[in-house]
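Peer 1: Below is the file work.cif, with mmCIF, C-alpha atoms and all ligand atoms.
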```
data_structure
loop_
_atom_site.group_PDB
_atom_site.id
_atom_site.type_symbol
_atom_site.label_atom_id
_atom_site.label_comp_id
_atom_site.auth_asym_id
_atom_site.auth_seq_id
_atom_site.Cartn_x
_atom_site.Cartn_y
_atom_site.Cartn_z
ATOM 1 C CA MET A 1 1.065 16.571 -22.955
ATOM 2 C CA LYS A 2 0.076 20.202 -22.494
ATOM 3 C CA GLU A 3 2.467 22.308 -20.422
ATOM 4 C CA ILE A 4 1.150 23.020 -16.934
ATOM 5 C CA MET A 5 1.923 26.641 -15.984
ATOM 6 C CA PRO A 6 1.824 28.461 -12.637
ATOM 7 C CA ILE A 7 -0.448 31.499 -12.241
ATOM 8 C CA ASN A 8 1.241 34.299 -10.280
ATOM 9 C CA GLY A 9 3.843 31.756 -9.157
ATOM 10 C CA VAL A 10 1.297 29.246 -7.851
ATOM 11 C CA PHE A 11 0.222 25.919 -9.368
ATOM 12 C CA ASP A 12 -3.502 25.161 -9.078
ATOM 13 C CA MET A 13 -5.164 21.950 -7.943
ATOM 14 C CA PRO A 14 -6.752 20.356 -11.041
ATOM 15 C CA ALA A 15 -10.278 18.972 -10.630
ATOM 16 C CA LEU A 16 -10.859 15.285 -11.351
ATOM 17 C CA PRO A 17 -11.973 15.073 -15.006
ATOM 18 C CA TYR A 18 -14.742 12.519 -14.184
ATOM 19 C CA ASP A 19 -17.245 11.723 -11.445
ATOM 20 C CA ALA A 20 -15.422 10.053 -8.525
ATOM 21 C CA GLU A 21 -18.189 7.418 -8.325
ATOM 22 C CA SER A 22 -17.802 6.449 -11.986
ATOM 23 C CA LEU A 23 -14.493 4.571 -12.125
ATOM 24 C CA LYS A 24 -15.594 1.654 -9.887
ATOM 25 C CA VAL A 25 -12.218 -0.170 -9.941
ATOM 26 C CA ILE A 26 -10.899 2.803 -7.958
ATOM 27 C CA SER A 27 -13.465 3.754 -5.300
ATOM 28 C CA ALA A 28 -14.716 7.262 -4.585
ATOM 29 C CA SER A 29 -13.250 6.835 -1.104
ATOM 30 C CA THR A 30 -9.751 6.165 -2.484
ATOM 31 C CA LEU A 31 -10.110 9.121 -4.861
ATOM 32 C CA SER A 32 -11.176 11.433 -2.047
ATOM 33 C CA PHE A 33 -7.968 10.668 -0.120
ATOM 34 C CA HIS A 34 -5.626 10.179 -3.072
ATOM 35 C CA HIS A 35 -6.710 13.199 -5.116
ATOM 36 C CA GLY A 36 -8.250 15.349 -2.397
ATOM 37 C CA LYS A 37 -5.603 14.893 0.336
ATOM 38 C CA HIS A 38 -2.371 13.428 -1.076
ATOM 39 C CA LEU A 39 -2.220 15.487 -4.287
ATOM 40 C CA ARG A 40 -3.392 18.599 -2.396
ATOM 41 C CA ALA A 41 -0.478 18.213 0.066
ATOM 42 C CA TYR A 42 2.089 17.712 -2.722
ATOM 43 C CA ILE A 43 0.831 20.859 -4.509
ATOM 44 C CA ASP A 44 0.858 22.968 -1.327
ATOM 45 C CA ASN A 45 4.372 21.782 -0.413
ATOM 46 C CA MET A 46 5.661 22.361 -3.948
ATOM 47 C CA ASN A 47 4.229 25.889 -4.062
ATOM 48 C CA LYS A 48 5.907 26.742 -0.718
ATOM 49 C CA GLN A 49 9.267 25.299 -1.782
ATOM 50 C CA LEU A 50 9.202 27.032 -5.176
ATOM 51 C CA VAL A 51 9.595 30.402 -3.445
ATOM 52 C CA GLY A 52 13.258 31.400 -3.758
ATOM 53 C CA SER A 53 14.192 28.210 -5.635
ATOM 54 C CA GLY A 54 15.104 30.022 -8.862
ATOM 55 C CA LEU A 55 12.567 27.862 -10.705
ATOM 56 C CA GLU A 56 9.560 30.181 -10.223
ATOM 57 C CA GLY A 57 7.484 30.773 -13.350
ATOM 58 C CA LEU A 58 8.691 27.668 -15.221
ATOM 59 C CA PRO A 59 6.278 25.036 -16.532
ATOM 60 C CA LEU A 60 5.849 22.061 -14.204
ATOM 61 C CA SER A 61 7.795 19.739 -16.528
ATOM 62 C CA ASP A 62 10.862 22.008 -16.281
ATOM 63 C CA VAL A 63 10.575 22.198 -12.490
ATOM 64 C CA VAL A 64 10.555 18.374 -12.442
ATOM 65 C CA ARG A 65 13.596 18.236 -14.764
ATOM 66 C CA ARG A 66 15.648 20.735 -12.729
ATOM 67 C CA ALA A 67 14.589 20.639 -9.056
ATOM 68 C CA GLU A 68 16.480 18.774 -6.332
ATOM 69 C CA GLY A 69 15.652 17.528 -2.827
ATOM 70 C CA GLY A 70 12.254 18.264 -1.319
ATOM 71 C CA LEU A 71 11.137 20.458 -4.186
ATOM 72 C CA TYR A 72 11.894 17.637 -6.646
ATOM 73 C CA ASN A 73 10.005 15.105 -4.528
ATOM 74 C CA ASN A 74 6.893 17.277 -4.361
ATOM 75 C CA ALA A 75 6.987 18.541 -7.972
ATOM 76 C CA GLY A 76 7.555 14.993 -9.257
ATOM 77 C CA GLN A 77 4.588 13.758 -7.249
ATOM 78 C CA VAL A 78 2.419 16.625 -8.557
ATOM 79 C CA LEU A 79 3.186 15.878 -12.226
ATOM 80 C CA ASN A 80 2.932 12.103 -11.734
ATOM 81 C CA HIS A 81 -0.467 12.377 -10.040
ATOM 82 C CA ILE A 82 -1.857 14.844 -12.587
ATOM 83 C CA MET A 83 -0.893 12.437 -15.393
ATOM 84 C CA TYR A 84 -2.294 9.455 -13.444
ATOM 85 C CA PHE A 85 -5.701 10.957 -12.621
ATOM 86 C CA GLU A 86 -6.078 12.561 -16.076
ATOM 87 C CA GLN A 87 -5.556 9.298 -18.040
ATOM 88 C CA PHE A 88 -8.638 7.477 -16.655
ATOM 89 C CA GLY A 89 -12.226 7.596 -17.854
ATOM 90 C CA ASN A 90 -15.130 5.545 -19.101
ATOM 91 C CA ALA A 91 -14.262 5.274 -22.810
ATOM 92 C CA ASN A 92 -11.477 4.296 -25.262
ATOM 93 C CA HIS A 93 -10.205 1.307 -23.268
ATOM 94 C CA ASN A 94 -8.310 -0.194 -26.216
ATOM 95 C CA PRO A 95 -5.387 1.503 -27.963
ATOM 96 C CA GLN A 96 -6.155 2.498 -31.577
ATOM 97 C CA GLY A 97 -4.375 3.938 -34.599
ATOM 98 C CA GLU A 98 -0.783 5.138 -34.110
ATOM 99 C CA MET A 99 -0.786 4.130 -30.425
ATOM 100 C CA LEU A 100 -1.792 0.552 -31.293
ATOM 101 C CA LYS A 101 0.826 0.380 -34.065
ATOM 102 C CA LEU A 102 3.598 1.470 -31.695
ATOM 103 C CA ILE A 103 2.576 -1.046 -29.008
ATOM 104 C CA GLU A 104 2.432 -3.899 -31.536
ATOM 105 C CA ARG A 105 5.787 -2.885 -33.041
ATOM 106 C CA ASP A 106 7.586 -2.685 -29.684
ATOM 107 C CA PHE A 107 5.791 -5.342 -27.562
ATOM 108 C CA GLY A 108 4.203 -7.705 -30.113
ATOM 109 C CA THR A 109 0.615 -7.538 -28.839
ATOM 110 C CA VAL A 110 -1.451 -5.355 -26.494
ATOM 111 C CA ASP A 111 -1.784 -8.344 -24.146
ATOM 112 C CA ALA A 112 1.987 -8.837 -24.049
ATOM 113 C CA PHE A 113 2.441 -5.139 -23.283
ATOM 114 C CA ARG A 114 -0.161 -5.237 -20.479
ATOM 115 C CA LYS A 115 1.439 -8.333 -18.917
ATOM 116 C CA GLU A 116 4.904 -6.760 -18.930
ATOM 117 C CA PHE A 117 3.616 -3.435 -17.565
ATOM 118 C CA GLU A 118 1.741 -5.194 -14.745
ATOM 119 C CA GLN A 119 4.776 -7.334 -13.953
ATOM 120 C CA ARG A 120 7.072 -4.276 -13.746
ATOM 121 C CA GLY A 121 4.542 -2.582 -11.451
ATOM 122 C CA ALA A 122 4.129 -5.633 -9.243
ATOM 123 C CA THR A 123 7.888 -6.139 -8.819
ATOM 124 C CA LEU A 124 8.764 -2.511 -8.025
ATOM 125 C CA PHE A 125 10.071 -2.698 -4.444
ATOM 126 C CA GLY A 126 8.495 -0.137 -2.108
ATOM 127 C CA SER A 127 6.810 3.061 -3.306
ATOM 128 C CA GLY A 128 6.973 4.326 -6.870
ATOM 129 C CA TRP A 129 5.517 4.353 -10.356
ATOM 130 C CA VAL A 130 5.601 2.135 -13.441
ATOM 131 C CA TRP A 131 5.752 4.084 -16.717
ATOM 132 C CA LEU A 132 5.295 3.720 -20.451
ATOM 133 C CA SER A 133 7.436 6.321 -22.234
ATOM 134 C CA GLN A 134 8.859 7.148 -25.647
ATOM 135 C CA GLN A 135 12.583 7.265 -26.242
ATOM 136 C CA ALA A 136 14.083 10.006 -28.426
ATOM 137 C CA ASP A 137 14.003 7.544 -31.375
ATOM 138 C CA GLY A 138 10.233 7.050 -30.855
ATOM 139 C CA HIS A 139 10.442 3.531 -29.427
ATOM 140 C CA LEU A 140 8.271 2.680 -26.435
ATOM 141 C CA VAL A 141 9.867 1.604 -23.175
ATOM 142 C CA ILE A 142 8.568 0.486 -19.751
ATOM 143 C CA THR A 143 10.486 1.749 -16.695
ATOM 144 C CA GLN A 144 10.168 1.533 -12.930
ATOM 145 C CA GLU A 145 10.684 4.755 -10.956
ATOM 146 C CA ALA A 146 11.115 4.838 -7.171
ATOM 147 C CA ASN A 147 9.319 7.375 -4.967
ATOM 148 C CA ALA A 148 8.551 10.559 -6.981
ATOM 149 C CA GLY A 149 10.563 9.489 -10.039
ATOM 150 C CA ASN A 150 9.495 10.707 -13.476
ATOM 151 C CA PRO A 151 11.026 9.509 -16.785
ATOM 152 C CA LEU A 152 11.551 13.157 -17.847
ATOM 153 C CA ARG A 153 14.652 13.034 -15.654
ATOM 154 C CA SER A 154 16.171 10.399 -17.973
ATOM 155 C CA GLY A 155 15.271 12.265 -21.167
ATOM 156 C CA LEU A 156 12.234 10.062 -21.862
ATOM 157 C CA HIS A 157 8.792 11.295 -22.931
ATOM 158 C CA PRO A 158 6.206 9.893 -20.456
ATOM 159 C CA LEU A 159 2.864 8.568 -21.782
ATOM 160 C CA LEU A 160 1.130 6.372 -19.164
ATOM 161 C CA THR A 161 1.703 5.655 -15.482
ATOM 162 C CA PHE A 162 0.318 3.446 -12.707
ATOM 163 C CA ASP A 163 0.894 4.604 -9.125
ATOM 164 C CA VAL A 164 2.126 1.750 -6.930
ATOM 165 C CA TRP A 165 2.385 3.663 -3.655
ATOM 166 C CA GLU A 166 0.170 1.812 -1.158
ATOM 167 C CA HIS A 167 -2.042 4.920 -0.768
ATOM 168 C CA ALA A 168 -3.182 4.348 -4.389
ATOM 169 C CA TYR A 169 -4.773 0.949 -3.691
ATOM 170 C CA TYR A 170 -4.789 -0.068 -0.030
ATOM 171 C CA LEU A 171 -8.397 0.967 0.770
ATOM 172 C CA ASP A 172 -9.725 -1.018 -2.208
ATOM 173 C CA TYR A 173 -7.218 -3.869 -2.664
ATOM 174 C CA GLN A 174 -5.282 -4.024 0.651
ATOM 175 C CA ASN A 175 -1.996 -5.846 -0.101
ATOM 176 C CA ARG A 176 -3.136 -7.128 -3.534
ATOM 177 C CA ARG A 177 -1.127 -4.746 -5.705
ATOM 178 C CA ALA A 178 -1.222 -7.105 -8.711
ATOM 179 C CA ASP A 179 -5.053 -7.149 -8.673
ATOM 180 C CA TYR A 180 -5.132 -3.340 -8.580
ATOM 181 C CA LEU A 181 -2.717 -3.110 -11.529
ATOM 182 C CA ALA A 182 -4.708 -5.624 -13.612
ATOM 183 C CA ALA A 183 -7.983 -3.770 -12.883
ATOM 184 C CA LEU A 184 -6.685 -0.387 -14.079
ATOM 185 C CA TRP A 185 -6.848 -1.437 -17.763
ATOM 186 C CA GLN A 186 -10.646 -1.214 -17.397
ATOM 187 C CA ILE A 187 -10.395 2.577 -16.918
ATOM 188 C CA VAL A 188 -7.384 3.684 -18.989
ATOM 189 C CA ASP A 189 -8.559 6.095 -21.710
ATOM 190 C CA TRP A 190 -6.114 5.380 -24.547
ATOM 191 C CA GLN A 191 -7.198 8.463 -26.483
ATOM 192 C CA ILE A 192 -5.761 10.574 -23.642
ATOM 193 C CA VAL A 193 -2.584 8.457 -23.574
ATOM 194 C CA ALA A 194 -2.213 8.795 -27.390
ATOM 195 C CA SER A 195 -2.644 12.583 -27.114
ATOM 196 C CA ARG A 196 0.629 12.598 -25.133
ATOM 197 C CA LEU A 197 2.687 11.015 -27.957
ATOM 198 C CA ALA A 198 5.688 13.149 -28.955
HETATM 199 MN MN MN B 1 -0.241 8.518 -5.239
#
```
Could the structure of this file be written out as structure tokens, please?

Peer 2:
Amino acid sequence: MKEIMPINGVFDMPALPYDAESLKVISASTLSFHHGKHLRAYIDNMNKQLVGSGLEGLPLSDVVRRAEGGLYNNAGQVLNHIMYFEQFGNANHNPQGEMLKLIERDFGTVDAFRKEFEQRGATLFGSGWVWLSQQADGHLVITQEANAGNPLRSGLHPLLTFDVWEHAYYLDYQNRRADYLAALWQIVDWQIVASRLA
């Protein structure tokens, strides 16, 4: 994915790349809290904690790779949420081309991949993220990350992520995390996911 750079030491809040009413399986109300309040707070906290950290001026991915403690928690959450919100839309809901080939090579079928991804998201204990990433050898892998975890920390190249913190789904799905995960396939834009391939 494109490097996200600070301007005069400050990271900006990205706008949602679609109308908040348009996703349906995530409500405008959830988006207003999740994007407008939660992401805003992570960005503000990260910008404050960057001052004097020695990591000022680096791209966000390098801050996530190198930060520790509170700065890592906030920077991880900023990158994770930017990738999460950016990957949705109202087109390209089936993987095509190279992306499809890689999924079929490493998981057999798109359905088998979706089932495994949903299962890893549903069984992640507590707050965190389920990820599809590329290993250095190009193979695809699904991982669970607790809290603000990002696969960059393990040398992986992240492609797709579903947020399983309760704030991502509780207004729309209450305790039904599995229903939320299954519904998200209706809004994943695979062209955006494929644009992140290494
Ligand atoms: Mn979240």

Peer 1: Show me a table, sorted first by chain and then by increasing residue number, of the residues of chain A having an atom at most 10 Å from ligand MN 1 (chain B), each with its shortest atom pair and the distance in Å to one decimal, counting only C-alpha atoms and all ligand atoms and written as JSON lines.

Peer 2:
```
{"residue": "A:Leu31", "atom": "CA", "partner": "B:MN1", "partner_atom": "MN", "distance": 9.9}
{"residue": "A:Phe33", "atom": "CA", "partner": "B:MN1", "partner_atom": "MN", "distance": 9.5}
{"residue": "A:His34", "atom": "CA", "partner": "B:MN1", "partner_atom": "MN", "distance": 6.0}
{"residue": "A:His35", "atom": "CA", "partner": "B:MN1", "partner_atom": "MN", "distance": 8.0}
{"residue": "A:His38", "atom": "CA", "partner": "B:MN1", "partner_atom": "MN", "distance": 6.8}
{"residue": "A:Leu39", "atom": "CA", "partner": "B:MN1", "partner_atom": "MN", "distance": 7.3}
{"residue": "A:Tyr42", "atom": "CA", "partner": "B:MN1", "partner_atom": "MN", "distance": 9.8}
{"residue": "A:Gln77", "atom": "CA", "partner": "B:MN1", "partner_atom": "MN", "distance": 7.4}
{"residue": "A:Val78", "atom": "CA", "partner": "B:MN1", "partner_atom": "MN", "distance": 9.2}
{"residue": "A:Asn80", "atom": "CA", "partner": "B:MN1", "partner_atom": "MN", "distance": 8.1}
{"residue": "A:His81", "atom": "CA", "partner": "B:MN1", "partner_atom": "MN", "distance": 6.2}
{"residue": "A:Ile82", "atom": "CA", "partner": "B:MN1", "partner_atom": "MN", "distance": 9.8}
{"residue": "A:Tyr84", "atom": "CA", "partner": "B:MN1", "partner_atom": "MN", "distance": 8.5}
{"residue": "A:Phe85", "atom": "CA", "partner": "B:MN1", "partner_atom": "MN", "distance": 9.5}
{"residue": "A:Ser127", "atom": "CA", "partner": "B:MN1", "partner_atom": "MN", "distance": 9.1}
{"residue": "A:Gly128", "atom": "CA", "partner": "B:MN1", "partner_atom": "MN", "distance": 8.5}
{"residue": "A:Trp129", "atom": "CA", "partner": "B:MN1", "partner_atom": "MN", "distance": 8.8}
{"residue": "A:Asn147", "atom": "CA", "partner": "B:MN1", "partner_atom": "MN", "distance": 9.6}
{"residue": "A:Ala148", "atom": "CA", "partner": "B:MN1", "partner_atom": "MN", "distance": 9.2}
{"residue": "A:Phe162", "atom": "CA", "partner": "B:MN1", "partner_atom": "MN", "distance": 9.0}
{"residue": "A:Asp163", "atom": "CA", "partner": "B:MN1", "partner_atom": "MN", "distance": 5.6}
{"residue": "A:Val164", "atom": "CA", "partner": "B:MN1", "partner_atom": "MN", "distance": 7.4}
{"residue": "A:Trp165", "atom": "CA", "partner": "B:MN1", "partner_atom": "MN", "distance": 5.7}
{"residue": "A:Glu166", "atom": "CA", "partner": "B:MN1", "partner_atom": "MN", "distance": 7.9}
{"residue": "A:His167", "atom": "CA", "partner": "B:MN1", "partner_atom": "MN", "distance": 6.0}
{"residue": "A:Ala168", "atom": "CA", "partner": "B:MN1", "partner_atom": "MN", "distance": 5.2}
{"residue": "A:Tyr169", "atom": "CA", "partner": "B:MN1", "partner_atom": "MN", "distance": 9.0}
```

Peer 1: Those residues with C-alpha atoms, as a compact mmCIF listing (two decimals), in the coordinates of the input please?

Peer 2:
```txt
# COMPACT_ATOMS: atom_id res chain seq x y z
CA LEU A 31 -10.11 9.12 -4.86
CA PHE A 33 -7.97 10.67 -0.12
CA HIS A 34 -5.63 10.18 -3.07
CA HIS A 35 -6.71 13.20 -5.12
CA HIS A 38 -2.37 13.43 -1.08
CA LEU A 39 -2.22 15.49 -4.29
CA TYR A 42 2.09 17.71 -2.72
CA GLN A 77 4.59 13.76 -7.25
CA VAL A 78 2.42 16.62 -8.56
CA ASN A 80 2.93 12.10 -11.73
CA HIS A 81 -0.47 12.38 -10.04
CA ILE A 82 -1.86 14.84 -12.59
CA TYR A 84 -2.29 9.46 -13.44
CA PHE A 85 -5.70 10.96 -12.62
CA SER A 127 6.81 3.06 -3.31
CA GLY A 128 6.97 4.33 -6.87
CA TRP A 129 5.52 4.35 -10.36
CA ASN A 147 9.32 7.38 -4.97
CA ALA A 148 8.55 10.56 -6.98
CA PHE A 162 0.32 3.45 -12.71
CA ASP A 163 0.89 4.60 -9.12
CA VAL A 164 2.13 1.75 -6.93
CA TRP A 165 2.38 3.66 -3.66
CA GLU A 166 0.17 1.81 -1.16
CA HIS A 167 -2.04 4.92 -0.77
CA ALA A 168 -3.18 4.35 -4.39
CA TYR A 169 -4.77 0.95 -3.69
```

Peer 1: The PyMOL selection byres (((chain A and resi 53) around 12) and not hetatm) on the file shown: which residues, as a list in words?

Peer 2: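 That expression, the PyMOL selection byres (((chain A and resi 53) around 12) and not hetatm), corresponds here to Gly9, Met46, Asn47, Lys48, Gln49, Leu50, Val51, Gly52, Gly54, Leu55, Glu56, Gly57, Leu58, Val63, Arg66, Ala67, Glu68, Gly69, Gly70, Leu71 and Tyr72 of chain A.
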
Peer 1: Return as JSON, numbers by chain the set of residues that the PyMOL selection byres (((chain A and resi 118) around 12) and not hetatm) yields on the displayed structure.

Peer 2: {"A": [111, 112, 113, 114, 115, 116, 117, 119, 120, 121, 122, 123, 124, 129, 130, 131, 132, 142, 143, 144, 161, 162, 163, 164, 177, 178, 179, 180, 181, 182, 183, 184, 185]}

Peer 1: Which residues come within 7 Å of Leu159 (chain A), counting all atoms listed in the file, excluding same-chain residues fewer than 5 positions away, as a PyMOL selection string?

Peer 2: chain A and resi 132-133+193+196-197

Peer 1: Convert the current residue selection to file output with C-alpha atoms, as a short mmCIF file (atom, residue, chain, number, x, y, z; two decimals), keeping the file's coordinate frame.

Peer 2:
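Final output, again-v7.cif:
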```cif
data_model
loop_
_atom_site.label_atom_id
_atom_site.label_comp_id
_atom_site.auth_asym_id
_atom_site.auth_seq_id
_atom_site.Cartn_x
_atom_site.Cartn_y
_atom_site.Cartn_z
CA LEU A 132 5.30 3.72 -20.45
CA SER A 133 7.44 6.32 -22.23
CA VAL A 193 -2.58 8.46 -23.57
CA ARG A 196 0.63 12.60 -25.13
CA LEU A 197 2.69 11.02 -27.96
#
```

Peer 1: Report, in Å with one decimal, the straight-line distance from CA of Val64 (chain A) to CA of Asp12 (chain A).

Peer 2: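 Separating CA of Val64 (chain A) from CA of Asp12 (chain A) is a distance of 16.0 Å.
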
Peer 1: At what distance in Å, to one decimal, does CA of Lys24 (chain A) lie from CA of Ala91 (chain A)?

Peer 2: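 Separating CA of Ala91 (chain A) from CA of Lys24 (chain A) is a distance of 13.5 Å.
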